[in-house]
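The block underneath contains the structure these notes are about, expressed in structure tokens.
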Protein chains: 2
Amino acid sequence: MTRPTTRVLALLEILQTGAAFTVGELARRLGVDERTVRRYVGHLADLGVPVESRRGRYGGYRLAPGYRLPPLMLTDDEAVALALGLVAGERTGLTAGEGVAAEGAAAKLRRVLPAALARRVDSLLATVELTAPRRTAPPTGLAAVADLAESARARHPVTIGYTSWQGRVSERRLDPYGLVFHAGRWYVTGFDHDRAAVRTFRVDRITAVAAGTGTFEIPEGFEPTATVLAGLAAVPWKYEVSVVLRTSLAEARHRIPPSVGTLTELPDGVRLVTRAEHLDGAAQMLAGLGWPFRIEHPTELAAEVCALADRLRANAT
Amino acid sequence: MTRPTTRVLALLEILQTGAAFTVGELARRLGVDERTVRRYVGHLADLGVPVESRRGRYGGYRLAPGYRLPPLMLTDDEAVALALGLVAGERTGLTAGEGVAAEGAAAKLRRVLPAALARRVDSLLATVELTAPRRTAPPTGLAAVADLAESARARHPVTIGYTSWQGRVSERRLDPYGLVFHAGRWYVTGFDHDRAAVRTFRVDRITAVAAGTGTFEIPEGFEPTATVLAGLAAVPWKYEVSVVLRTSLAEARHRIPPSVGTLTELPDGVRLVTRAEHLDGAAQMLAGLGWPFRIEHPTELAAEVCALADRLRANAT
DNA sequence: CTCAACCGGGCGGGAACTGTCCGGTATTCA
DNA sequence: TGAATACCGGACAGTTCCCGCCCGGTTGAG
């Protein structure tokens, strides 16, 4: 009965009696220091055990008494939606990384469901298969995501520790404008005080988030998604490509994700503006779309398209 | 969630679901070695938690009924995972259709959370933006999905009302083998007694599910996902297209989703077998991939590729 | 306003936790 | 009867992180 893990469980057992205990009392019973009891209580709280504390005279710890969780009477559909949501979150990478959190949530959820419904949900999870590719992105601490979201909404600046692309560690003061989830990764975009410009950061590269004081304003019309995508697309590119596609805007939207480039409606078609490092990639994209097009610039792209046409012809014979 | 004490509690919580688990399963969930799981079980036993074990095949650990952990609350991360899961489910279409269910679940969830956590989750939902395209699929009753899953797991046949492709209504006796979610839609695949063959049905076209009696066996090695995808690819097609791509299998896998066609490794490349109704689409696809290729059949595809090459050339000048 | 409680940071020494390897045993199924 | 699958638990070395002891706060009752 002397191992720490055992003692934490013992503490839980003591508290289960329902009465309130002072730290001193608990420390005496467990045979450890008072400070340690506080740490144990912290562990229990971390796990979601609803232990309440009352400060001041006659204070003490006790388990939240009437936390009868009466509630959370979920309907069939709601329970199913939650369970599937967890699966979806994991698959898309939205909640990935903190896999344990999703597991815990599922377990707790299951426990509050009536037996029949729980069985239903189990069956569903056991049976279902998804065709969507499993995202394997670097795990992101959801806590950081939530922290940043909170600061963003409250318009409070934050200080973040960031490990840059090349592995350099730095500390930045940031006004978080928005959080964007793209291709399995979380990004935060906002005003970087040190660089004095709007910058985008990968949340999984952020090591610490500390809420700052003061407030800021988000510029009128700021679009987090567009900013992040632009930042990503901007990595290395040599050519700005502009072509007019002979199709409707709706059709184009349907086939071309916004991360590829921006679409503008014209009288005679749709202008697609995008960036490329190699023009053969752009030529392939045009060929794959299948609509007639007109190249605005760069003029070298025309040669590249002809070269592609030649290659196709050569392959076909 | 990495501290040992916390993990022991997590173990207790997993066992609390009432089901039996093997050491391997528990180790995976907790992210520790199997030996360590045994140690944890020992700790629980030390404390008087009635953990039962069954050795041999189909053995595992389970909690003796009657042991109750105090009601747990969701931790920060778990609440966030649930909230994001709902968003993910809606976005991917997994839980779509029953939008009301997801909303209800979110509302109830929110009410159960402590105020501070609720605020955090609100911030998150208000701030987050996703770049993934919003799926707009026909709403599917999640109840039907859950019903089918339950029958599939219990190996009970069902009788379904089905509105076919052309709008004809029929009633089918089905042995549900598996449920697959693909491209925003739910499918159930299984043995259709009336057609005496394995068939796939869109769940949103199913009007009623009635559990039948008796049981069935799922054929050895049956793969629901593969079956559904094959069924979909088969819809209306005139040509079977077979081409050899000069690239590696890994590269090809990376660019070509399994729903497009099947890939086979060859000494000099990768064979892609797919089906098409119109050959120009196939030609465009080849052009868009950008790898050198050789057409095996149909021979008309060569002409189509040349035509595409001509069109490209015409556009480029 | 003062006592009694909780709160939580920092620090140094050392207990104990982890993964690994291994030879066992029990149970089921072919 | 034998193979496969589980649980069982000892030994050991490396390293973590846990503990006790400081401390100066804050909160609430009387």
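Chain lettering (A, B, ...) mirrors the order of the structure tokens, residue numbering begins at 1 for each chain separately, and ligand numbering begins at 1 in order of display.
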Hey, list the chain B side of the contact with chain A: 6 Å cut-off, only C-alpha atoms, answer as a compact mmCIF listing (two decimals) with N, CA, C and O atoms, in the first residue's frame.
# COMPACT_ATOMS: atom_id res chain seq x y z
N THR B 5 -0.10 7.48 -12.41
CA THR B 5 -1.31 7.44 -11.59
C THR B 5 -2.55 7.68 -12.45
O THR B 5 -3.57 7.02 -12.32
N HIS B 43 -2.07 -3.35 -9.23
CA HIS B 43 -2.33 -2.23 -8.33
C HIS B 43 -3.81 -2.14 -7.98
O HIS B 43 -4.17 -1.95 -6.83
N LEU B 72 -17.71 10.48 -13.38
CA LEU B 72 -16.60 11.29 -13.86
C LEU B 72 -17.11 12.43 -14.71
O LEU B 72 -18.13 12.33 -15.36
N MET B 73 -16.36 13.48 -14.66
CA MET B 73 -16.69 14.57 -15.56
C MET B 73 -15.71 14.52 -16.72
O MET B 73 -14.68 13.89 -16.64
N LEU B 74 -16.07 15.20 -17.76
CA LEU B 74 -15.17 15.24 -18.91
C LEU B 74 -14.01 16.15 -18.59
O LEU B 74 -14.19 17.21 -18.00
N THR B 75 -12.83 15.75 -18.99
CA THR B 75 -11.69 16.64 -18.84
C THR B 75 -11.72 17.64 -19.98
O THR B 75 -12.49 17.52 -20.93
N ASP B 77 -9.60 18.20 -22.38
CA ASP B 77 -9.30 17.64 -23.69
C ASP B 77 -10.45 16.81 -24.22
O ASP B 77 -10.74 16.80 -25.41
N GLU B 78 -11.10 16.10 -23.33
CA GLU B 78 -12.20 15.26 -23.78
C GLU B 78 -13.36 16.08 -24.28
O GLU B 78 -13.98 15.77 -25.31
N ALA B 81 -12.46 17.35 -27.58
CA ALA B 81 -12.51 16.30 -28.60
C ALA B 81 -13.95 16.03 -29.02
O ALA B 81 -14.24 15.86 -30.21
N GLY B 85 -15.31 16.79 -32.60
CA GLY B 85 -15.83 15.61 -33.27
C GLY B 85 -17.17 15.89 -33.92
O GLY B 85 -17.41 15.48 -35.06
N LEU B 86 -18.01 16.62 -33.24
CA LEU B 86 -19.31 16.94 -33.82
C LEU B 86 -19.12 17.78 -35.09
O LEU B 86 -19.79 17.57 -36.10
N ALA B 88 -16.47 17.81 -36.99
CA ALA B 88 -15.88 16.95 -38.01
C ALA B 88 -16.95 16.05 -38.62
O ALA B 88 -17.01 15.85 -39.83
N GLY B 89 -17.80 15.51 -37.77
CA GLY B 89 -18.84 14.62 -38.26
C GLY B 89 -19.75 15.33 -39.23
O GLY B 89 -20.13 14.79 -40.27
N THR B 95 -22.24 12.46 -39.91
CA THR B 95 -23.43 12.58 -39.07
C THR B 95 -24.44 13.52 -39.70
O THR B 95 -25.39 13.93 -39.07
N ALA B 101 -29.81 16.34 -34.57
CA ALA B 101 -29.25 15.45 -33.56
C ALA B 101 -27.91 15.99 -33.09
O ALA B 101 -27.65 16.06 -31.90
N ALA B 102 -27.08 16.36 -34.04
CA ALA B 102 -25.76 16.86 -33.67
C ALA B 102 -25.90 18.13 -32.84
O ALA B 102 -25.21 18.32 -31.85
N ALA B 105 -27.08 17.28 -29.38
CA ALA B 105 -25.99 16.69 -28.61
C ALA B 105 -25.06 17.78 -28.12
O ALA B 105 -24.64 17.79 -26.95
N ARG B 120 -14.76 27.81 -22.95
CA ARG B 120 -13.64 27.40 -23.81
C ARG B 120 -14.14 26.75 -25.09
O ARG B 120 -13.70 27.08 -26.19
N SER B 123 -15.68 29.24 -27.42
CA SER B 123 -14.66 30.01 -28.14
C SER B 123 -14.12 29.21 -29.30
O SER B 123 -13.97 29.71 -30.42
N LEU B 124 -13.86 27.98 -29.01
CA LEU B 124 -13.29 27.12 -30.04
C LEU B 124 -14.21 27.05 -31.24
O LEU B 124 -13.80 27.27 -32.39
N THR B 127 -14.34 30.23 -33.23
CA THR B 127 -13.11 30.70 -33.87
C THR B 127 -12.65 29.82 -35.01
O THR B 127 -12.10 30.29 -36.00
N VAL B 128 -12.90 28.55 -34.87
CA VAL B 128 -12.31 27.59 -35.79
C VAL B 128 -12.86 27.70 -37.22
O VAL B 128 -14.03 27.94 -37.42
N GLU B 129 -11.97 27.56 -38.16
CA GLU B 129 -12.40 27.45 -39.55
C GLU B 129 -11.75 26.23 -40.17
O GLU B 129 -10.62 25.90 -39.88
N LEU B 130 -12.51 25.57 -41.02
CA LEU B 130 -11.99 24.38 -41.68
C LEU B 130 -11.91 24.63 -43.18
O LEU B 130 -12.77 25.28 -43.74
N THR B 131 -10.89 24.09 -43.78
CA THR B 131 -10.78 24.28 -45.23
C THR B 131 -11.41 23.13 -45.98
O THR B 131 -11.65 23.23 -47.16
N ALA B 146 -27.55 2.97 -37.40
CA ALA B 146 -27.34 2.25 -36.15
C ALA B 146 -28.07 0.91 -36.16
O ALA B 146 -27.54 -0.10 -35.68
N ALA B 149 -26.13 -1.50 -38.22
CA ALA B 149 -24.89 -1.89 -37.54
C ALA B 149 -25.19 -2.94 -36.47
O ALA B 149 -24.45 -3.91 -36.32
N GLU B 150 -26.25 -2.71 -35.77
CA GLU B 150 -26.60 -3.64 -34.71
C GLU B 150 -26.88 -5.03 -35.29
O GLU B 150 -26.39 -6.04 -34.79
N ARG B 153 -23.68 -6.70 -36.49
CA ARG B 153 -22.84 -7.28 -35.47
C ARG B 153 -23.46 -8.52 -34.84
O ARG B 153 -22.77 -9.48 -34.50
N GLY B 178 -21.64 -5.40 -43.71
CA GLY B 178 -20.85 -4.28 -43.21
C GLY B 178 -21.40 -2.94 -43.65
O GLY B 178 -22.16 -2.86 -44.62
N LEU B 179 -21.02 -1.91 -42.92
CA LEU B 179 -21.43 -0.55 -43.26
C LEU B 179 -20.20 0.23 -43.68
O LEU B 179 -19.16 0.16 -43.03
N VAL B 180 -20.33 0.97 -44.73
CA VAL B 180 -19.19 1.73 -45.23
C VAL B 180 -19.62 3.17 -45.48
O VAL B 180 -20.69 3.41 -46.03
N PHE B 181 -18.78 4.09 -45.07
CA PHE B 181 -19.04 5.49 -45.35
C PHE B 181 -18.07 5.95 -46.43
O PHE B 181 -16.86 5.83 -46.27
N HIS B 182 -18.60 6.41 -47.52
CA HIS B 182 -17.73 6.82 -48.62
C HIS B 182 -18.26 8.08 -49.28
O HIS B 182 -19.43 8.13 -49.65
N GLN B 284 -8.14 12.62 -69.84
CA GLN B 284 -7.83 13.75 -68.96
C GLN B 284 -7.13 13.28 -67.70
O GLN B 284 -6.17 13.90 -67.22
N MET B 285 -7.62 12.18 -67.17
CA MET B 285 -7.01 11.68 -65.95
C MET B 285 -5.54 11.34 -66.20
O MET B 285 -4.67 11.70 -65.41
N ALA B 287 -3.58 12.54 -68.43
CA ALA B 287 -2.82 13.78 -68.62
C ALA B 287 -2.53 14.44 -67.28
O ALA B 287 -1.44 14.95 -67.04
N GLY B 288 -3.53 14.40 -66.41
CA GLY B 288 -3.39 15.07 -65.13
C GLY B 288 -2.38 14.39 -64.22
O GLY B 288 -1.76 15.02 -63.38
N PHE B 293 3.10 6.82 -69.72
CA PHE B 293 2.21 5.66 -69.60
C PHE B 293 2.19 4.89 -70.91
O PHE B 293 2.67 5.35 -71.94
N ARG B 294 1.64 3.69 -70.83
CA ARG B 294 1.43 2.88 -72.02
C ARG B 294 0.01 2.35 -71.93
O ARG B 294 -0.43 1.86 -70.89
N ALA B 302 -6.15 5.57 -77.22
CA ALA B 302 -5.00 6.25 -77.83
C ALA B 302 -5.47 7.43 -78.67
O ALA B 302 -4.93 8.54 -78.58
N CYS B 306 -4.73 11.44 -78.17
CA CYS B 306 -4.24 12.33 -79.23
C CYS B 306 -5.17 13.51 -79.42
O CYS B 306 -4.72 14.65 -79.60
N ALA B 309 -4.51 15.90 -76.80
CA ALA B 309 -3.25 16.60 -77.08
C ALA B 309 -3.50 17.72 -78.09
O ALA B 309 -3.01 18.85 -77.92
N ARG B 313 -2.98 21.72 -77.48
CA ARG B 313 -2.14 22.51 -78.36
C ARG B 313 -2.93 23.70 -78.92
O ARG B 313 -2.42 24.83 -78.98
N ASN B 315 -5.44 25.20 -77.57
CA ASN B 315 -5.68 26.17 -76.52
C ASN B 315 -4.44 27.00 -76.22
O ASN B 315 -4.53 28.14 -75.80
N ALA B 316 -3.31 26.37 -76.44
CA ALA B 316 -2.07 27.00 -76.01
C ALA B 316 -1.57 28.04 -77.01
O ALA B 316 -0.63 28.77 -76.71
May I have the residues of chain D within 7 Å of chain A, counting only C-alpha atoms (C1' of nucleotides), written as a list of chain:residue names?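 So the residues of chain D near chain A are D:DG20, D:DT27, D:DG28, D:DA29.
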Those residues you just picked out, can you put them in a file as a CSV table (one decimal), in the first residue's frame with N, CA, C and O atoms (P, O5', C5', C4', C3', O3' and C1' of nucleotides)?
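Final file, part.csv:
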chain,number,residue,atom,x,y,z
D,20,DG,P,5.8,12.2,1.1
D,20,DG,O5',6.8,13.2,1.8
D,20,DG,C5',8.2,12.7,2.1
D,20,DG,C4',9.1,13.9,2.4
D,20,DG,C3',8.5,14.9,3.4
D,20,DG,O3',9.5,15.2,4.3
D,20,DG,C1',9.1,16.0,1.4
D,27,DT,P,-8.6,35.3,-3.7
D,27,DT,O5',-9.6,34.4,-2.8
D,27,DT,C5',-9.4,33.0,-2.9
D,27,DT,C4',-10.2,32.4,-1.8
D,27,DT,C3',-11.4,33.1,-1.3
D,27,DT,O3',-12.5,32.2,-1.2
D,27,DT,C1',-10.1,32.8,0.5
D,28,DG,P,-14.0,32.6,-1.3
D,28,DG,O5',-14.4,32.3,0.2
D,28,DG,C5',-14.3,31.0,0.7
D,28,DG,C4',-14.5,31.0,2.2
D,28,DG,C3',-15.7,31.9,2.7
D,28,DG,O3',-16.4,31.0,3.6
D,28,DG,C1',-13.7,32.4,3.9
D,29,DA,P,-17.8,31.4,4.2
D,29,DA,O5',-17.5,31.2,5.7
D,29,DA,C5',-16.8,30.1,6.2
D,29,DA,C4',-16.5,30.2,7.6
D,29,DA,C3',-17.6,30.8,8.5
D,29,DA,O3',-17.6,30.1,9.7
D,29,DA,C1',-15.7,32.1,8.7
When DSSP works through the backbone of this structure, what residues of range 53-236 of chain A end up as strand (DSSP E), shown as JSON, numbers by chain? {"A": [53, 54, 60, 61, 62, 63, 128, 129, 130, 158, 159, 160, 161, 162, 163, 169, 170, 171, 172, 173, 174, 175, 176, 177, 178, 179, 180, 181, 182, 185, 186, 187, 188, 189, 190, 191, 192, 197, 198, 199, 200, 201, 202, 206, 207, 208, 209, 210, 211]}
Taking only C-alpha atoms (C1' of nucleotides) into account, what are the residues of chain C at most 8 Å from chain A, put as a PyMOL selection string? chain C and resi 3-6+16
Residues as selected, N, CA, C and O atoms (P, O5', C5', C4', C3', O3' and C1' of nucleotides), written as a JSON list (two decimals), in the first residue's frame, can you do that?
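What follows is the written file part.json:
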[["chain", "number", "residue", "atom", "x", "y", "z"],
["C", 3, "DC", "P", -4.05, 34.89, 14.71],
["C", 3, "DC", "O5'", -4.62, 33.40, 14.80],
["C", 3, "DC", "C5'", -5.92, 33.18, 15.34],
["C", 3, "DC", "C4'", -6.74, 32.29, 14.43],
["C", 3, "DC", "C3'", -6.00, 31.06, 13.91],
["C", 3, "DC", "O3'", -6.77, 29.92, 14.21],
["C", 3, "DC", "C1'", -7.11, 32.15, 12.12],
["C", 4, "DA", "P", -6.12, 28.47, 14.19],
["C", 4, "DA", "O5'", -6.81, 27.81, 12.92],
["C", 4, "DA", "C5'", -8.22, 27.86, 12.80],
["C", 4, "DA", "C4'", -8.63, 27.41, 11.42],
["C", 4, "DA", "C3'", -7.84, 26.22, 10.88],
["C", 4, "DA", "O3'", -8.73, 25.33, 10.25],
["C", 4, "DA", "C1'", -7.68, 28.02, 9.37],
["C", 5, "DA", "P", -8.35, 23.81, 10.12],
["C", 5, "DA", "O5'", -7.82, 23.83, 8.64],
["C", 5, "DA", "C5'", -8.60, 23.29, 7.62],
["C", 5, "DA", "C4'", -8.63, 24.21, 6.40],
["C", 5, "DA", "C3'", -7.69, 23.78, 5.28],
["C", 5, "DA", "O3'", -8.32, 22.77, 4.53],
["C", 5, "DA", "C1'", -7.85, 26.16, 5.48],
["C", 6, "DC", "P", -7.39, 21.92, 3.54],
["C", 6, "DC", "O5'", -7.39, 22.84, 2.24],
["C", 6, "DC", "C5'", -8.62, 23.18, 1.63],
["C", 6, "DC", "C4'", -8.41, 24.28, 0.62],
["C", 6, "DC", "C3'", -7.60, 23.84, -0.60],
["C", 6, "DC", "O3'", -8.14, 24.46, -1.76],
["C", 6, "DC", "C1'", -6.54, 25.65, 0.44],
["C", 16, "DA", "P", 9.02, 3.42, -3.26],
["C", 16, "DA", "O5'", 8.70, 3.45, -4.82],
["C", 16, "DA", "C5'", 8.15, 4.62, -5.42],
["C", 16, "DA", "C4'", 8.01, 4.39, -6.91],
["C", 16, "DA", "C3'", 7.63, 2.95, -7.28],
["C", 16, "DA", "O3'", 6.93, 2.93, -8.49],
["C", 16, "DA", "C1'", 9.62, 3.47, -8.27]]
Smallest atom-to-atom distance to Gly42 in chain B: which of B:Arg29, B:Arg271, B:Leu11, B:Glu240, using only C-alpha atoms?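 Distance minimum relative to Gly42 in chain B lands on B:Leu11.
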Find the spatial neighbours of DC23 in chain D, counting only C-alpha atoms (C1' of nucleotides), within a cut-off of 12 Å - ignore same-chain residues fewer than 3 positions away - and output them as a ChimeraX atom specification. /C:8-11
What is the distance between CA of Asp204 in chain A and CA of Thr159 in chain A, in Å to one decimal?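 Distance reported for this atom pair: 15.2 Å.
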Please compute the CA of Val241 in chain A-CA of Gly261 in chain A distance, one decimal, in Å. 9.4 Å
Return as a count of residues only the full set of residues in range 41-186 of chain A whose backbone-based DSSP assignment is helix (DSSP H, G or I). 64
List the spatial neighbours of DA3 in chain D as an NGL selection string - criterion: any atom at most 12 Å away, only C-alpha atoms (C1' of nucleotides), same-chain residues fewer than 3 positions off excluded. (:B and (57)) or (:C and (28-30))
Filtering to N, CA, C and O atoms (P, O5', C5', C4', C3', O3' and C1' of nucleotides), could you give me those residues as a PDB file, in the first residue's frame?
ATOM      1  N   ARG B  57      -7.502 -18.907 -24.430  1.00  0.00           N
ATOM      2  CA  ARG B  57      -8.125 -18.284 -25.584  1.00  0.00           C
ATOM      3  C   ARG B  57      -9.399 -17.565 -25.178  1.00  0.00           C
ATOM      4  O   ARG B  57     -10.153 -18.048 -24.348  1.00  0.00           O
TER       5      ARG B  57
ATOM      6  P    DT C  28     -12.462 -22.754 -21.840  1.00  0.00           P
ATOM      7  O5'  DT C  28     -12.221 -22.829 -23.414  1.00  0.00           O
ATOM      8  C5'  DT C  28     -11.848 -21.633 -24.101  1.00  0.00           C
ATOM      9  C4'  DT C  28     -11.359 -21.972 -25.495  1.00  0.00           C
ATOM     10  C3'  DT C  28     -12.257 -22.950 -26.267  1.00  0.00           C
ATOM     11  O3'  DT C  28     -12.646 -22.298 -27.460  1.00  0.00           O
ATOM     12  C1'  DT C  28      -9.978 -23.564 -26.441  1.00  0.00           C
ATOM     13  P    DC C  29     -13.782 -22.868 -28.373  1.00  0.00           P
ATOM     14  O5'  DC C  29     -12.964 -23.411 -29.625  1.00  0.00           O
ATOM     15  C5'  DC C  29     -11.936 -22.583 -30.183  1.00  0.00           C
ATOM     16  C4'  DC C  29     -11.127 -23.383 -31.185  1.00  0.00           C
ATOM     17  C3'  DC C  29     -11.942 -24.372 -32.019  1.00  0.00           C
ATOM     18  O3'  DC C  29     -11.454 -24.372 -33.339  1.00  0.00           O
ATOM     19  C1'  DC C  29     -10.226 -25.512 -30.916  1.00  0.00           C
ATOM     20  P    DA C  30     -12.297 -24.936 -34.505  1.00  0.00           P
ATOM     21  O5'  DA C  30     -11.224 -25.678 -35.405  1.00  0.00           O
ATOM     22  C5'  DA C  30      -9.932 -25.074 -35.578  1.00  0.00           C
ATOM     23  C4'  DA C  30      -8.908 -26.151 -35.868  1.00  0.00           C
ATOM     24  C3'  DA C  30      -9.378 -27.228 -36.855  1.00  0.00           C
ATOM     25  O3'  DA C  30      -8.303 -27.584 -37.707  1.00  0.00           O
ATOM     26  C1'  DA C  30      -8.773 -28.246 -34.822  1.00  0.00           C
TER      27       DA C  30
END
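Of note, CA of Val158 in chain A and CA of Leu174 in chain A are spaced 5.4 Å apart.
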Shell of 12 Å around DA15 in chain C, only C-alpha atoms (C1' of nucleotides), local chain residues under 2 positions omitted, as a list in words: Thr2, Arg3 and Pro4 of chain A; DG13 and DC17 of chain C; DT15, DT16, DC17, DC18 and DC19 of chain D
